[in-house]
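*Asks:* Dropping the structure in here first, questions after.
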Amino acid sequence: MTGPETDNAKPYQVSRDEDGGMTFSVYGNMDVSNAAVLLKDLKAEVKNDSPSSLTVDLNAVEYLDDFGTLVLVELKRLMSAAGGKFHLVHPGPKIRNMLSLLNFDAMAEPVTFIKKRSPNLFVRIGDAALGQLSDLRYAVFFLGSVCLSLAHVCLHPGSLRREETISTMQRTGVDGLPIVALISFLMGLIMAFMSSVQLEQFGANIYVASLVSLAMTRELGPIMTAIIVAGRSGSAFAAEIGTMKISEEVDALFTMGFDPVRFLVVPKLVAALVMVPILTLFSDLFAILGGLIVGVSMLDLTAGAYVAQTLKTLTLFDVFWGVLKSGVFGIFITWVGCLRGFQVQGGAASVGQATTSAVVSSIFLIIVIDSVFSVILRYWG
Amino acid sequence: MGRDVVIRVRDLRVGYGEDIVLDQVSFDVYEGEVFVILGGSGCGKSTLLKGMIGLIPPFAGRVLIDGDSVSEDEERLKGIFRKIGVLYQGAALFGSMTVAENVALPIQAYTRLPPESVNVIVQMKLGLVNLNGYENHLPSELSGGMKKRAGLARAMALNPKILFFDEPSAGLDPVTSAELDQLILQLNRNLGTTMVIVTHELQSIFAVAQRVIMLDRQTRGIIAEGDPQYLRDHSQNQAVKRFFNRVVNTE
Ligand SMILES: Nc1ncnc2c1ncn2[C@@H]1O[C@H](COP(=O)(O)OP(=O)(O)OP(=O)(O)O)[C@@H](O)[C@H]1O
Ligand SMILES: [Mg+2]
């Protein structure tokens with residue numbers, strides 16, 4: 001059973017009178033479901049005919065919502081742009097209500113939202129420069145308040161939020177240990193393997209142990225650990241504080257008389273300061289283990305010889321130097337993560353940006369600080 | 001004239017994790033009606049609303065919207081979502097988009113109107129909630145009540161058949177709140193939109209509600225249902241009386 005053919009049936013009739021006027025009699029609904037089609041069709045009719053006046057008969061319209069009103073508004077505008085007249089006739093009571101609710105009569109003028117103007121190049125460069133400058137100023141200010149808060153906690157150890165610190169230690173340190181261990185182990189493995197290809201030619205297999213242990217404790221251990229911590233925890237700090245910032249939790253802390261920096265940053269700082277060096281030690285250990293496995297299984301070294309060579313190469317100073325560096329890395333990772341968190345403004349997208357920026361800035365800082373340490377060692381050691 | 005049921009809730013049990021917030025809740029919402037859910041703070045009004053629209057899966061019971069079961073079947077849920085608009089308690093505007101973009105988002109996605117026409121619609125919607133002139137503001141640049149109104153404009157962007165409001169007038173001044181009541185009535189009358197509203201504003205309730213249900217925390221269910229005026233004057237339930245007469249519980 002099929003109904004009558006209604007495909008081409010348009011929900012309106014067009015009639016023309018002798019003095020160039022045109023009338024649409026619309027029937028049925030004018031709503032969100034058919035407004036787009038109706039608008040296109042009616043506009044096309046008007047453009048084809050360019051009538052001197054347009055009348056829309058709403059007598060048979062049963063339902064009109066704001067999308068239907070949109071059709072009328074657009075027709076009215078089209079006519080007024082062409083200098084013609086526009087009339088609405090026979091609206092029912094509900095339709096009249098709807099039109100007055102939507103301020104139909106006042107909608108003759110086309111609206112253009114004043115788009116956010118995009119200023120010229122110089123203004124934008126200037127804006128960006130000023131923005132950078134104030135970011136920098138805030139960064140320095142923030143560094144200062146972090147130092148002050150840290151000093152305060154050193155003087156009054158009781159004011160440290162102990163439980164928060166411990167749980168942050170767990171999230172930063174303990175939970176990060178497996179990935180740090182795995183990556184360091186693989187690095188040790190790779191380093192031993194790559195260097196053995198060269199050293200084997202000179203029969204200097206045993207120096208694989210020296211190379212792996214020295215490179216890891218001095219440079220790669222601290223750097224790899226710091227990069228992993230930046231990715232895991234630095235981003236988490238930024239996201240946490242950023243979200244608190246946009247949901248007014250930071251304001252709440254402030255008005256309750258807490259110093260947000262002391263409340264939020266110091267536990268993270270203490271946690272990072274303790275945990276990053278410990279993670280670094282684990283990283284050294286696992287890298288040496290990785291090297292050992294390559295040495296024993298592929299280079300015909302005994303485990304004893306490998307360990308002895310490692311101990312002979314490493315001085316306590318090397319280990320201490322690496323640990324010191326990693327402590328500094330930890331401070332800066334926390335500082336940047338929290339800084340980016342506090343710089344969040346607006347909505348969720350800003351939190352995302354802060355998180356990205358926290359990781360990128362941390363990695364950058366890690367490399368810069370590492371270079372500084374190398375220079376110091378060069379002139380001092 | 002028997003009216004059609006658009007929302008049918010039967011023996012619904014909802015909650016979070018182990019906690020049951022509401023149990024054995026059954027009621028109907030009729031087409032074209034302004035239906036209000038009342039109750040003290042924390043009694044589960046928002047939870048019921050979320051259960052009704054499929055945001056939290058019910059532990060038991062079922063909800064039918066326009067004859068379709070609100071289940072976990074995604075396709076079916078999508079069909080239902082086209083018929084409803086929701087104003088969340090916290091407005092839930094997208095922070096990275098301007099007010100106009102927030103309202104335009106569903107219109108662009110579900111209609112084939114040209115961009116200029118979308119702008120006109122957005123302007124009308126914002127006019128309805130008195131937010132003209134704030135098209136290019138970001139949600140973070142609006143006051144709490146303004147966010148609420150922008151959220152309302154977005155909820156009704158596509159003129160859904162059913163509108164769900166979680167505390168529409170919270171955060172609005174009395175005048176704006178009264179205007180909002182008028183708007184709700186106008187939309188209801190002229191477009192026939194069914195409204196399900198969570199509110200505790202007594203004045204609003206008497207202004208807009210045709211039927212209310214009242215939830216209670218202790219009994220975890222409906223303690224009263226009917227016309228608000230009638231309940232205020234004739235209910236025998238102490239909790240209901242206290243609510244309508246703003247009396248402090250001294251038991
Ligand atoms: N995400 C959640 N997880 C666990 N429990 C929740 C969650 N949201 C709400 N609850 C609990 O459910 C109960 C009902 O909360 P609901 O938000 O529905 O209250 P409400 O009636 O909307 O209150 P109000 O009028 O204050 O908005 C409360 O006891 C609350 O503790
Ligand atoms: Mg609620």
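Quick note on naming: the chains in the structure tokens go A, B, ... in the order shown, residues restart at 1 in each chain, and ligands are numbered from 1 in order of appearance.
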Return as a ChimeraX atom specification every polymer residue, whether protein, DNA or RNA, with at least one atom no more than 9 Å from an atom of ligand 1; count only C-alpha atoms and all ligand atoms.
*Replies:* /B:15-22,38-50,89,166-167,198-200,215-217
*Asks:* Taking 3 positions as the minimum chain separation for residues in the same chain, which residues sit within 8 Å of Leu289 (chain A) when counting only C-alpha atoms? Answer as a list in words.
*Replies:* Phe185, Gly188, Leu285, Phe286, Leu292 and Ile293 of chain A
*Asks:* Name the residues of region 84-148 of chain A that come out as alpha helix (DSSP H) in a backbone DSSP run; write them as a compact mmCIF listing (two decimals) with N, CA and C atoms, in the first residue's frame.
*Replies:*
```txt
# COMPACT_ATOMS: atom_id res chain seq x y z
N PRO A 93 -3.16 32.86 16.46
CA PRO A 93 -2.76 33.47 17.75
C PRO A 93 -1.41 32.95 18.26
N LYS A 94 -1.20 31.63 18.14
CA LYS A 94 0.07 31.08 18.62
C LYS A 94 1.23 31.62 17.82
N ILE A 95 1.00 31.73 16.53
CA ILE A 95 2.07 32.20 15.66
C ILE A 95 2.37 33.67 15.95
N ARG A 96 1.29 34.41 16.20
CA ARG A 96 1.52 35.82 16.51
C ARG A 96 2.34 35.94 17.81
N ASN A 97 2.01 35.11 18.79
CA ASN A 97 2.77 35.11 20.05
C ASN A 97 4.24 34.81 19.81
N MET A 98 4.46 33.80 19.01
CA MET A 98 5.82 33.37 18.74
C MET A 98 6.60 34.51 18.07
N LEU A 99 5.94 35.15 17.10
CA LEU A 99 6.63 36.22 16.38
C LEU A 99 6.96 37.38 17.31
N SER A 100 6.05 37.67 18.23
CA SER A 100 6.34 38.81 19.10
C SER A 100 7.40 38.41 20.12
N LEU A 101 7.35 37.14 20.56
CA LEU A 101 8.37 36.66 21.50
C LEU A 101 9.76 36.77 20.87
N LEU A 121 49.51 42.88 11.71
CA LEU A 121 50.69 42.11 12.09
C LEU A 121 51.47 42.75 13.24
N PHE A 122 51.67 44.09 13.14
CA PHE A 122 52.50 44.75 14.14
C PHE A 122 51.85 44.67 15.52
N VAL A 123 50.54 44.90 15.53
CA VAL A 123 49.83 44.82 16.81
C VAL A 123 49.97 43.43 17.40
N ARG A 124 49.85 42.43 16.51
CA ARG A 124 49.94 41.06 17.03
C ARG A 124 51.32 40.75 17.56
N ILE A 125 52.35 41.20 16.83
CA ILE A 125 53.72 40.97 17.31
C ILE A 125 53.90 41.65 18.66
N GLY A 126 53.43 42.89 18.72
CA GLY A 126 53.54 43.63 19.97
C GLY A 126 52.82 42.94 21.10
N ASP A 127 51.59 42.48 20.80
CA ASP A 127 50.80 41.77 21.81
C ASP A 127 51.54 40.55 22.31
N ALA A 128 52.08 39.80 21.34
CA ALA A 128 52.78 38.57 21.70
C ALA A 128 53.98 38.88 22.58
N ALA A 129 54.70 39.95 22.20
CA ALA A 129 55.89 40.32 22.98
C ALA A 129 55.49 40.70 24.40
N LEU A 130 54.45 41.54 24.50
CA LEU A 130 54.00 41.95 25.83
C LEU A 130 53.54 40.74 26.63
N GLY A 131 52.85 39.83 25.93
CA GLY A 131 52.38 38.62 26.60
C GLY A 131 53.55 37.82 27.15
N GLN A 132 54.58 37.66 26.32
CA GLN A 132 55.77 36.92 26.76
C GLN A 132 56.40 37.58 27.97
N LEU A 133 56.45 38.92 27.90
CA LEU A 133 57.09 39.67 28.96
C LEU A 133 56.35 39.47 30.28
N SER A 134 55.01 39.54 30.19
CA SER A 134 54.27 39.41 31.45
C SER A 134 54.31 37.97 31.94
N ASP A 135 54.38 37.01 30.99
CA ASP A 135 54.58 35.61 31.38
C ASP A 135 55.87 35.45 32.15
N LEU A 136 56.90 36.09 31.61
CA LEU A 136 58.23 35.99 32.22
C LEU A 136 58.20 36.59 33.61
N ARG A 137 57.53 37.76 33.69
CA ARG A 137 57.46 38.43 34.98
C ARG A 137 56.74 37.53 35.98
N TYR A 138 55.65 36.92 35.51
CA TYR A 138 54.91 36.04 36.41
C TYR A 138 55.76 34.85 36.82
N ALA A 139 56.53 34.32 35.84
CA ALA A 139 57.37 33.16 36.14
C ALA A 139 58.37 33.49 37.24
N VAL A 140 58.96 34.69 37.14
CA VAL A 140 59.95 35.09 38.15
C VAL A 140 59.26 35.29 39.50
N PHE A 141 58.12 35.98 39.44
CA PHE A 141 57.35 36.20 40.66
C PHE A 141 57.00 34.87 41.31
N PHE A 142 56.60 33.92 40.45
CA PHE A 142 56.19 32.61 40.96
C PHE A 142 57.38 31.88 41.58
N LEU A 143 58.53 31.99 40.90
CA LEU A 143 59.74 31.36 41.44
C LEU A 143 60.03 31.92 42.83
N GLY A 144 59.87 33.25 42.93
CA GLY A 144 60.09 33.90 44.22
C GLY A 144 59.15 33.36 45.27
N SER A 145 57.86 33.26 44.93
CA SER A 145 56.94 32.84 45.98
C SER A 145 57.12 31.37 46.31
N VAL A 146 57.58 30.58 45.33
CA VAL A 146 57.88 29.19 45.65
C VAL A 146 59.04 29.12 46.64
N CYS A 147 60.08 29.93 46.39
CA CYS A 147 61.24 29.93 47.29
C CYS A 147 60.81 30.36 48.70
N LEU A 148 60.00 31.42 48.76
CA LEU A 148 59.54 31.90 50.07
C LEU A 148 58.76 30.81 50.80
```
*Asks:* For chain B versus chain A, which residues have an atom no more than 10 Å away, and what is each residue's nearest atom pair and distance in Å rounded to one decimal, using only C-alpha atoms, chain-then-number order, as CSV?
*Replies:*
```
residue,atom,partner,partner_atom,distance
B:Leu93,CA,A:Gly347,CA,9.4
B:Phe94,CA,A:Gly347,CA,7.6
B:Gly95,CA,A:Gly347,CA,4.3
B:Ser96,CA,A:Ala349,CA,5.8
B:Met97,CA,A:Gly347,CA,9.1
B:Ala100,CA,A:Phe113,CA,9.1
B:Ile107,CA,A:Val32,CA,9.2
B:Tyr110,CA,A:Ser33,CA,9.3
B:Thr111,CA,A:Ala36,CA,6.9
B:Arg112,CA,A:Ala36,CA,5.6
B:Leu113,CA,A:Ala36,CA,5.0
B:Pro114,CA,A:Ala36,CA,8.0
B:Glu116,CA,A:Thr112,CA,8.5
B:Ser117,CA,A:Leu70,CA,7.1
B:Val118,CA,A:Leu70,CA,9.0
B:Asn119,CA,A:Val111,CA,7.9
B:Val120,CA,A:Leu70,CA,6.9
B:Ile121,CA,A:Leu70,CA,6.5
B:Val122,CA,A:Asp66,CA,9.9
B:Gln123,CA,A:Val111,CA,8.2
B:Met124,CA,A:Leu102,CA,6.1
B:Lys125,CA,A:Asp66,CA,8.1
B:Leu126,CA,A:Leu102,CA,9.9
B:Gly127,CA,A:Leu102,CA,7.1
B:Leu128,CA,A:Leu102,CA,6.6
B:Gly133,CA,A:Phe113,CA,8.7
B:Tyr134,CA,A:Phe113,CA,9.7
B:Glu135,CA,A:Phe113,CA,7.2
B:Asn136,CA,A:Lys116,CA,7.2
B:His137,CA,A:Lys116,CA,9.6
B:Leu138,CA,A:Gly346,CA,7.8
B:Pro139,CA,A:Gly346,CA,7.7
B:Ser140,CA,A:Gly346,CA,5.1
B:Glu141,CA,A:Gly346,CA,7.9
B:Ala157,CA,A:Asp66,CA,9.4
B:Leu158,CA,A:Val32,CA,6.6
B:Asn159,CA,A:Val32,CA,7.2
B:Pro160,CA,A:Val32,CA,9.3
B:Leu183,CA,A:Leu101,CA,8.6
B:Gln186,CA,A:Met98,CA,8.0
B:Leu187,CA,A:Met98,CA,8.3
B:Arg189,CA,A:Lys94,CA,7.8
B:Asn190,CA,A:Lys94,CA,5.4
B:Leu191,CA,A:Asp65,CA,6.6
B:Gly192,CA,A:Tyr63,CA,9.5
```
*Asks:* How many Å lie between CA of Gly304 (chain A) and CA of Glu200 (chain A), rounded to one decimal?
*Replies:*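 Calculated distance between CA of Gly304 (chain A) and CA of Glu200 (chain A) is 19.1 Å.
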*Asks:* For a test of reading the model, state the distance in Å between CA of Arg8 (chain B) and CA of Phe35 (chain B), rounded to one decimal.
*Replies:*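 Interatomic distance here is 12.6 Å.
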